[in-house]
Amino acid sequence: MLEPVGLTDAETDAYRALVFAVTASATDVATSTGTDAGTARRLLAALEEKGLARGVDGAPGRFAANPPDVTLLPRLERRAGDLDKARGVIAELMEAYRHHAWARDAGEVVEIITGAGALRQRLQQVQSTARRELLWFCKAQYVAMPSGTNEAEFEAMAGGVAYRVLYEQAFFDDAGAVDNVVKAVRAGEVARAVPALPLRMAVADRCLAICPLAPAGPASDPRDVTAAVIRGSSLLAALVALFERYWEIGVPLHVTPEGRLGGSGAQTDPTALTADDRHLLSLMVAGLTDHAIAGQLGISRRTVQRRIQGLMSLAGVATRMQLGWHAARRGWI
């Protein structure tokens, strides 16, 4: 208990016995501490050498404790000062370590992990240890963690970790993807959609990134899955900047009171279009493919295309991009 000020557990027990007894002999200390007389004598001698005990005048073989505030507090204050100095040295060393990160071995900046199981475990680990935010690039098809299985996200958000997630259009073609995004957004995820993403990525607290290296979806053999774990470096800073650039151009996703996924939070003119038309437009602006929109609306892809063509005629435009712009301008979405 008093190891930080230089006392062993046995010396602490002996000193406590002296404090309670006012004066005590080796035999008294042995009885109080459950040791033999020889051990008690050695402990009293050690306490006397450290200035915590003194012999009682006129009573040979008896000892008294010196006041704790005089003997122990100065030791503690010196130790605290030493710890502050050590903390300052460690801070300097960490700054130098970061400054010279470029000179480190590549293995210390970029770690390669292999296997779908190892990737899942690392993704769960970084989410459970994150303190501020997680940034995600979610491409179509999964590599190691199927859509809807990332329970660590909900646990982290419940603990106050912010999630910003970018989805590419093709992601919503995966089975159940739209429903899973709706669930995550309702739980607090801030989501946006873009036409395409250059890579899969998760960044925790801007100090560590995980990038699966598979170019497409699930590998035929889970052992073939590889990922790069990237720590503090210019490469990590570039990945964070890449995320922020895509975030700027992403379409915000929201969930309607009916539980539907949409691509804009703007108010809608209730007399402009039918509710189904507005829902279709919000999904189109969010970046969903015709196939995904058809699945959400329960209609065929051909019907989706026909209705979009009709809306383009109504708006007097020639392209879907123009339709999205006019729809936003007219308050249709």
# chains A, B, ... in the order shown; residues from 1 in each chain; ligands from 1
call {"tool": "select_by_dssp", "arguments": {"residues": "segment 115-160 of chain A", "states": "strand (DSSP E or B)", "output": "list of chain:residue names"}}
result
A:Glu133, A:Leu134, A:Leu135, A:Trp136, A:Phe137, A:Cys138
call {"tool": "write_last_selection", "arguments": {"atoms": "C-alpha atoms", "output": "PDB file, in the first residue's frame"}}
result
ATOM      1  CA  GLU A 133     -15.613   8.678 -33.822  1.00  0.00           C
ATOM      2  CA  LEU A 134     -15.572   6.013 -36.522  1.00  0.00           C
ATOM      3  CA  LEU A 135     -15.392   6.886 -40.230  1.00  0.00           C
ATOM      4  CA  TRP A 136     -16.469   4.235 -42.762  1.00  0.00           C
ATOM      5  CA  PHE A 137     -16.361   3.649 -46.502  1.00  0.00           C
ATOM      6  CA  CYS A 138     -18.927   0.922 -47.264  1.00  0.00           C
TER       7      CYS A 138
END
call {"tool": "select_by_dssp", "arguments": {"residues": "segment 231-313 of chain A", "states": "helix (DSSP H, G or I)", "output": "MDAnalysis selection string"}}
result
chainID A and resid 234:249 275:286 290:297 301:313
call {"tool": "residues_around", "arguments": {"residues": "Phe20 of chain A", "least_positions_apart": "6", "cutoff": "12 Å", "atoms": "only C-alpha atoms", "output": "ChimeraX atom specification"}}
result
/A:13-14,28-29,32,64-67
call {"tool": "write_last_selection", "arguments": {"atoms": "all heavy atoms", "output": "compact mmCIF listing (two decimals), in the first residue's frame"}}
result
# COMPACT_ATOMS: atom_id res chain seq x y z
N ASP A 13 2.95 -2.72 7.52
CA ASP A 13 2.23 -3.34 8.64
C ASP A 13 2.92 -3.00 9.97
O ASP A 13 2.25 -2.71 10.98
CB ASP A 13 2.17 -4.86 8.45
CG ASP A 13 1.26 -5.26 7.30
OD1 ASP A 13 0.40 -4.44 6.91
OD2 ASP A 13 1.42 -6.40 6.79
N ALA A 14 4.23 -3.04 9.98
CA ALA A 14 4.96 -2.74 11.21
C ALA A 14 4.78 -1.27 11.60
O ALA A 14 4.61 -0.95 12.79
CB ALA A 14 6.45 -3.06 11.03
N ASP A 28 5.91 -6.90 20.70
CA ASP A 28 4.58 -6.33 20.46
C ASP A 28 4.28 -6.27 18.96
O ASP A 28 3.18 -6.61 18.51
CB ASP A 28 4.49 -4.92 21.05
CG ASP A 28 4.65 -4.90 22.56
OD1 ASP A 28 4.30 -5.93 23.19
OD2 ASP A 28 5.13 -3.88 23.07
N VAL A 29 5.27 -5.83 18.19
CA VAL A 29 5.08 -5.72 16.73
C VAL A 29 4.88 -7.11 16.12
O VAL A 29 4.05 -7.30 15.23
CB VAL A 29 6.27 -4.99 16.08
CG1 VAL A 29 6.18 -5.08 14.56
CG2 VAL A 29 6.32 -3.54 16.55
N SER A 32 1.33 -8.15 16.77
CA SER A 32 0.36 -7.38 15.97
C SER A 32 0.38 -7.77 14.50
O SER A 32 -0.65 -7.76 13.83
CB SER A 32 0.63 -5.88 16.11
OG SER A 32 0.49 -5.46 17.45
N ALA A 64 8.83 4.12 18.81
CA ALA A 64 7.64 4.93 18.54
C ALA A 64 7.66 5.36 17.08
O ALA A 64 8.73 5.50 16.46
CB ALA A 64 7.60 6.15 19.47
N ALA A 65 6.48 5.59 16.54
CA ALA A 65 6.38 6.01 15.14
C ALA A 65 6.58 7.51 15.02
O ALA A 65 6.08 8.28 15.85
CB ALA A 65 5.02 5.64 14.58
N ASN A 66 7.33 7.94 14.03
CA ASN A 66 7.42 9.36 13.71
C ASN A 66 6.15 9.76 12.93
O ASN A 66 5.55 8.93 12.24
CB ASN A 66 8.67 9.64 12.88
CG ASN A 66 9.93 9.54 13.72
OD1 ASN A 66 9.91 9.89 14.91
ND2 ASN A 66 11.02 9.06 13.12
N PRO A 67 5.74 11.03 13.03
CA PRO A 67 4.47 11.46 12.41
C PRO A 67 4.45 11.19 10.90
O PRO A 67 5.43 11.49 10.20
CB PRO A 67 4.42 12.96 12.70
CG PRO A 67 5.30 13.15 13.88
CD PRO A 67 6.41 12.12 13.74
call {"tool": "closest_residue", "arguments": {"among": "A:Val165, A:Ser282, A:Ala196, A:Gln305", "to": "Glu244 of chain A", "atoms": "only C-alpha atoms"}}
result
A:Val165
call {"tool": "residues_around", "arguments": {"residues": "Gly38 of chain A", "least_positions_apart": "3", "cutoff": "12 Å", "atoms": "only C-alpha atoms", "output": "list in words"}}
result
Ser25, Ala26, Thr27, Asp28, Val29, Ala30, Thr31, Gly34, Thr35, Arg41, Arg42, Leu43, Leu44 and Ala45 of chain A
call {"tool": "atom_distance", "arguments": {"atom1": "atom CA of Asp69 of chain A", "atom2": "atom CA of Gly88 of chain A"}}
result
27.6 Å
call {"tool": "atom_distance", "arguments": {"atom1": "atom CA of Thr256 of chain A", "atom2": "atom CA of Met201 of chain A"}}
result
27.8 Å
call {"tool": "residues_around", "arguments": {"residues": "Ala209 of chain A", "least_positions_apart": "5", "cutoff": "10 Å", "atoms": "only C-alpha atoms", "output": "ChimeraX atom specification"}}
result
/A:110,123,126,134-136,201-204,228-232,235-237,239-240
call {"tool": "write_last_selection", "arguments": {"atoms": "all heavy atoms", "output": "compact mmCIF listing (two decimals), in the first residue's frame"}}
result
# COMPACT_ATOMS: atom_id res chain seq x y z
N VAL A 110 2.44 0.18 -41.21
CA VAL A 110 1.43 -0.62 -41.93
C VAL A 110 1.58 -2.08 -41.53
O VAL A 110 2.63 -2.69 -41.73
CB VAL A 110 1.58 -0.47 -43.46
CG1 VAL A 110 0.52 -1.31 -44.16
CG2 VAL A 110 1.46 0.99 -43.87
N LEU A 123 -11.75 -5.38 -36.61
CA LEU A 123 -12.78 -4.36 -36.78
C LEU A 123 -13.61 -4.21 -35.50
O LEU A 123 -13.96 -3.09 -35.10
CB LEU A 123 -13.70 -4.71 -37.96
CG LEU A 123 -13.09 -4.53 -39.35
CD1 LEU A 123 -14.00 -5.14 -40.41
CD2 LEU A 123 -12.86 -3.05 -39.65
N VAL A 126 -11.32 -2.34 -32.81
CA VAL A 126 -11.15 -0.90 -32.95
C VAL A 126 -12.44 -0.16 -32.60
O VAL A 126 -12.40 0.97 -32.09
CB VAL A 126 -10.67 -0.50 -34.36
CG1 VAL A 126 -9.33 -1.12 -34.67
CG2 VAL A 126 -11.68 -0.88 -35.43
N LEU A 134 -15.93 7.00 -35.50
CA LEU A 134 -15.57 6.01 -36.52
C LEU A 134 -16.00 6.56 -37.87
O LEU A 134 -17.12 7.06 -38.03
CB LEU A 134 -16.27 4.68 -36.27
CG LEU A 134 -15.53 3.57 -35.51
CD1 LEU A 134 -14.31 3.10 -36.28
CD2 LEU A 134 -15.16 4.00 -34.12
N LEU A 135 -15.11 6.49 -38.85
CA LEU A 135 -15.39 6.89 -40.23
C LEU A 135 -15.36 5.63 -41.09
O LEU A 135 -14.43 4.85 -40.99
CB LEU A 135 -14.35 7.90 -40.73
CG LEU A 135 -14.02 9.08 -39.80
CD1 LEU A 135 -12.92 9.93 -40.40
CD2 LEU A 135 -15.26 9.91 -39.54
N TRP A 136 -16.37 5.46 -41.97
CA TRP A 136 -16.47 4.23 -42.76
C TRP A 136 -16.70 4.55 -44.23
O TRP A 136 -17.48 5.43 -44.58
CB TRP A 136 -17.64 3.37 -42.27
CG TRP A 136 -17.45 2.73 -40.94
CD1 TRP A 136 -17.61 3.31 -39.73
CD2 TRP A 136 -17.08 1.37 -40.69
NE1 TRP A 136 -17.35 2.40 -38.73
CE2 TRP A 136 -17.03 1.21 -39.29
CE3 TRP A 136 -16.80 0.27 -41.51
CZ2 TRP A 136 -16.71 0.00 -38.68
CZ3 TRP A 136 -16.47 -0.93 -40.90
CH2 TRP A 136 -16.43 -1.06 -39.52
N MET A 201 -12.96 0.98 -46.03
CA MET A 201 -12.11 1.60 -45.02
C MET A 201 -12.89 1.85 -43.74
O MET A 201 -14.08 2.15 -43.77
CB MET A 201 -11.56 2.92 -45.56
CG MET A 201 -10.69 3.71 -44.58
SD MET A 201 -9.96 5.18 -45.36
CE MET A 201 -11.42 6.20 -45.60
N ALA A 202 -12.21 1.71 -42.60
CA ALA A 202 -12.72 2.14 -41.31
C ALA A 202 -11.61 2.89 -40.61
O ALA A 202 -10.47 2.41 -40.56
CB ALA A 202 -13.17 0.94 -40.48
N VAL A 203 -11.91 4.08 -40.08
CA VAL A 203 -10.91 4.89 -39.39
C VAL A 203 -11.41 5.16 -37.97
O VAL A 203 -12.51 5.68 -37.79
CB VAL A 203 -10.66 6.23 -40.11
CG1 VAL A 203 -9.61 7.05 -39.36
CG2 VAL A 203 -10.23 6.00 -41.55
N ALA A 204 -10.61 4.81 -36.97
CA ALA A 204 -10.99 4.99 -35.57
C ALA A 204 -10.22 6.15 -34.96
O ALA A 204 -8.98 6.15 -34.94
CB ALA A 204 -10.70 3.72 -34.78
N ALA A 228 -4.95 -4.03 -44.56
CA ALA A 228 -3.85 -3.23 -44.03
C ALA A 228 -4.35 -2.44 -42.83
O ALA A 228 -5.40 -1.80 -42.89
CB ALA A 228 -3.33 -2.28 -45.11
N VAL A 229 -3.59 -2.50 -41.74
CA VAL A 229 -3.85 -1.68 -40.55
C VAL A 229 -2.82 -0.56 -40.56
O VAL A 229 -1.62 -0.81 -40.49
CB VAL A 229 -3.75 -2.52 -39.26
CG1 VAL A 229 -4.02 -1.64 -38.04
CG2 VAL A 229 -4.71 -3.69 -39.31
N ILE A 230 -3.30 0.67 -40.66
CA ILE A 230 -2.42 1.82 -40.87
C ILE A 230 -2.47 2.73 -39.65
O ILE A 230 -3.55 3.19 -39.25
CB ILE A 230 -2.84 2.60 -42.13
CG1 ILE A 230 -2.81 1.65 -43.34
CG2 ILE A 230 -1.95 3.81 -42.35
CD1 ILE A 230 -3.60 2.14 -44.51
N ARG A 231 -1.31 2.99 -39.07
CA ARG A 231 -1.23 3.84 -37.88
C ARG A 231 -0.74 5.23 -38.25
O ARG A 231 -0.51 5.52 -39.41
CB ARG A 231 -0.33 3.18 -36.83
CG ARG A 231 -0.90 1.85 -36.32
CD ARG A 231 0.01 1.18 -35.32
NE ARG A 231 -0.59 -0.04 -34.79
CZ ARG A 231 -0.57 -1.22 -35.38
NH1 ARG A 231 0.06 -1.34 -36.55
NH2 ARG A 231 -1.15 -2.27 -34.85
N GLY A 232 -0.60 6.08 -37.21
CA GLY A 232 -0.25 7.47 -37.41
C GLY A 232 0.86 7.70 -38.41
O GLY A 232 2.00 7.31 -38.18
N LEU A 235 0.22 8.68 -44.54
CA LEU A 235 -0.74 7.84 -45.26
C LEU A 235 -2.09 7.85 -44.56
O LEU A 235 -3.14 7.97 -45.20
CB LEU A 235 -0.20 6.40 -45.34
CG LEU A 235 -1.14 5.36 -45.99
CD1 LEU A 235 -1.54 5.78 -47.39
CD2 LEU A 235 -0.46 3.99 -45.99
N LEU A 236 -2.09 7.76 -43.24
CA LEU A 236 -3.34 7.82 -42.49
C LEU A 236 -4.00 9.18 -42.67
O LEU A 236 -5.23 9.27 -42.86
CB LEU A 236 -3.08 7.55 -41.01
CG LEU A 236 -4.30 7.64 -40.09
CD1 LEU A 236 -5.37 6.64 -40.48
CD2 LEU A 236 -3.90 7.44 -38.64
N ALA A 237 -3.21 10.24 -42.61
CA ALA A 237 -3.77 11.59 -42.80
C ALA A 237 -4.41 11.72 -44.18
O ALA A 237 -5.45 12.36 -44.34
CB ALA A 237 -2.67 12.63 -42.62
N LEU A 239 -5.80 9.28 -45.91
CA LEU A 239 -7.05 8.52 -45.91
C LEU A 239 -8.17 9.31 -45.23
O LEU A 239 -9.32 9.31 -45.69
CB LEU A 239 -6.85 7.18 -45.21
CG LEU A 239 -5.97 6.17 -45.95
CD1 LEU A 239 -5.72 4.94 -45.08
CD2 LEU A 239 -6.60 5.76 -47.28
N VAL A 240 -7.85 10.00 -44.15
CA VAL A 240 -8.86 10.83 -43.47
C VAL A 240 -9.29 11.97 -44.39
O VAL A 240 -10.48 12.28 -44.49
CB VAL A 240 -8.30 11.38 -42.14
CG1 VAL A 240 -9.27 12.39 -41.53
CG2 VAL A 240 -8.03 10.25 -41.16
call {"tool": "closest_residue", "arguments": {"among": "A:Ile333, A:Leu199, A:Ala241, A:Ala294", "to": "Ala275 of chain A", "atoms": "only C-alpha atoms"}}
result
A:Ile333
call {"tool": "residues_around", "arguments": {"residues": "Gly159 of chain A", "least_positions_apart": "6", "cutoff": "12 Å", "atoms": "only C-alpha atoms", "output": "compact mmCIF listing (two decimals) with N, CA and C atoms, in the first residue's frame"}}
result
# COMPACT_ATOMS: atom_id res chain seq x y z
N GLN A 127 -13.58 -0.79 -32.84
CA GLN A 127 -14.84 -0.14 -32.48
C GLN A 127 -15.04 -0.13 -30.97
N SER A 128 -14.65 -1.20 -30.31
CA SER A 128 -14.84 -1.28 -28.86
C SER A 128 -13.88 -0.37 -28.10
N THR A 129 -12.74 -0.02 -28.73
CA THR A 129 -11.76 0.83 -28.06
C THR A 129 -11.83 2.28 -28.51
N ALA A 130 -12.62 2.58 -29.54
CA ALA A 130 -12.75 3.97 -30.01
C ALA A 130 -13.38 4.83 -28.93
N ARG A 131 -12.98 6.08 -28.89
CA ARG A 131 -13.51 7.00 -27.87
C ARG A 131 -14.29 8.16 -28.47
N ARG A 132 -14.01 8.52 -29.73
CA ARG A 132 -14.66 9.70 -30.30
C ARG A 132 -15.49 9.40 -31.54
N GLU A 133 -14.87 8.85 -32.58
CA GLU A 133 -15.61 8.68 -33.82
C GLU A 133 -15.06 7.53 -34.65
N ALA A 152 -21.15 -4.36 -32.98
CA ALA A 152 -20.23 -3.48 -32.26
C ALA A 152 -20.54 -2.01 -32.52
N GLU A 153 -21.10 -1.71 -33.69
CA GLU A 153 -21.45 -0.33 -34.00
C GLU A 153 -22.49 0.20 -33.03
N ALA A 187 -30.48 4.48 -35.04
CA ALA A 187 -29.70 4.33 -33.80
C ALA A 187 -28.70 5.46 -33.60
N GLY A 188 -28.54 6.33 -34.62
CA GLY A 188 -27.65 7.47 -34.46
C GLY A 188 -26.58 7.62 -35.51
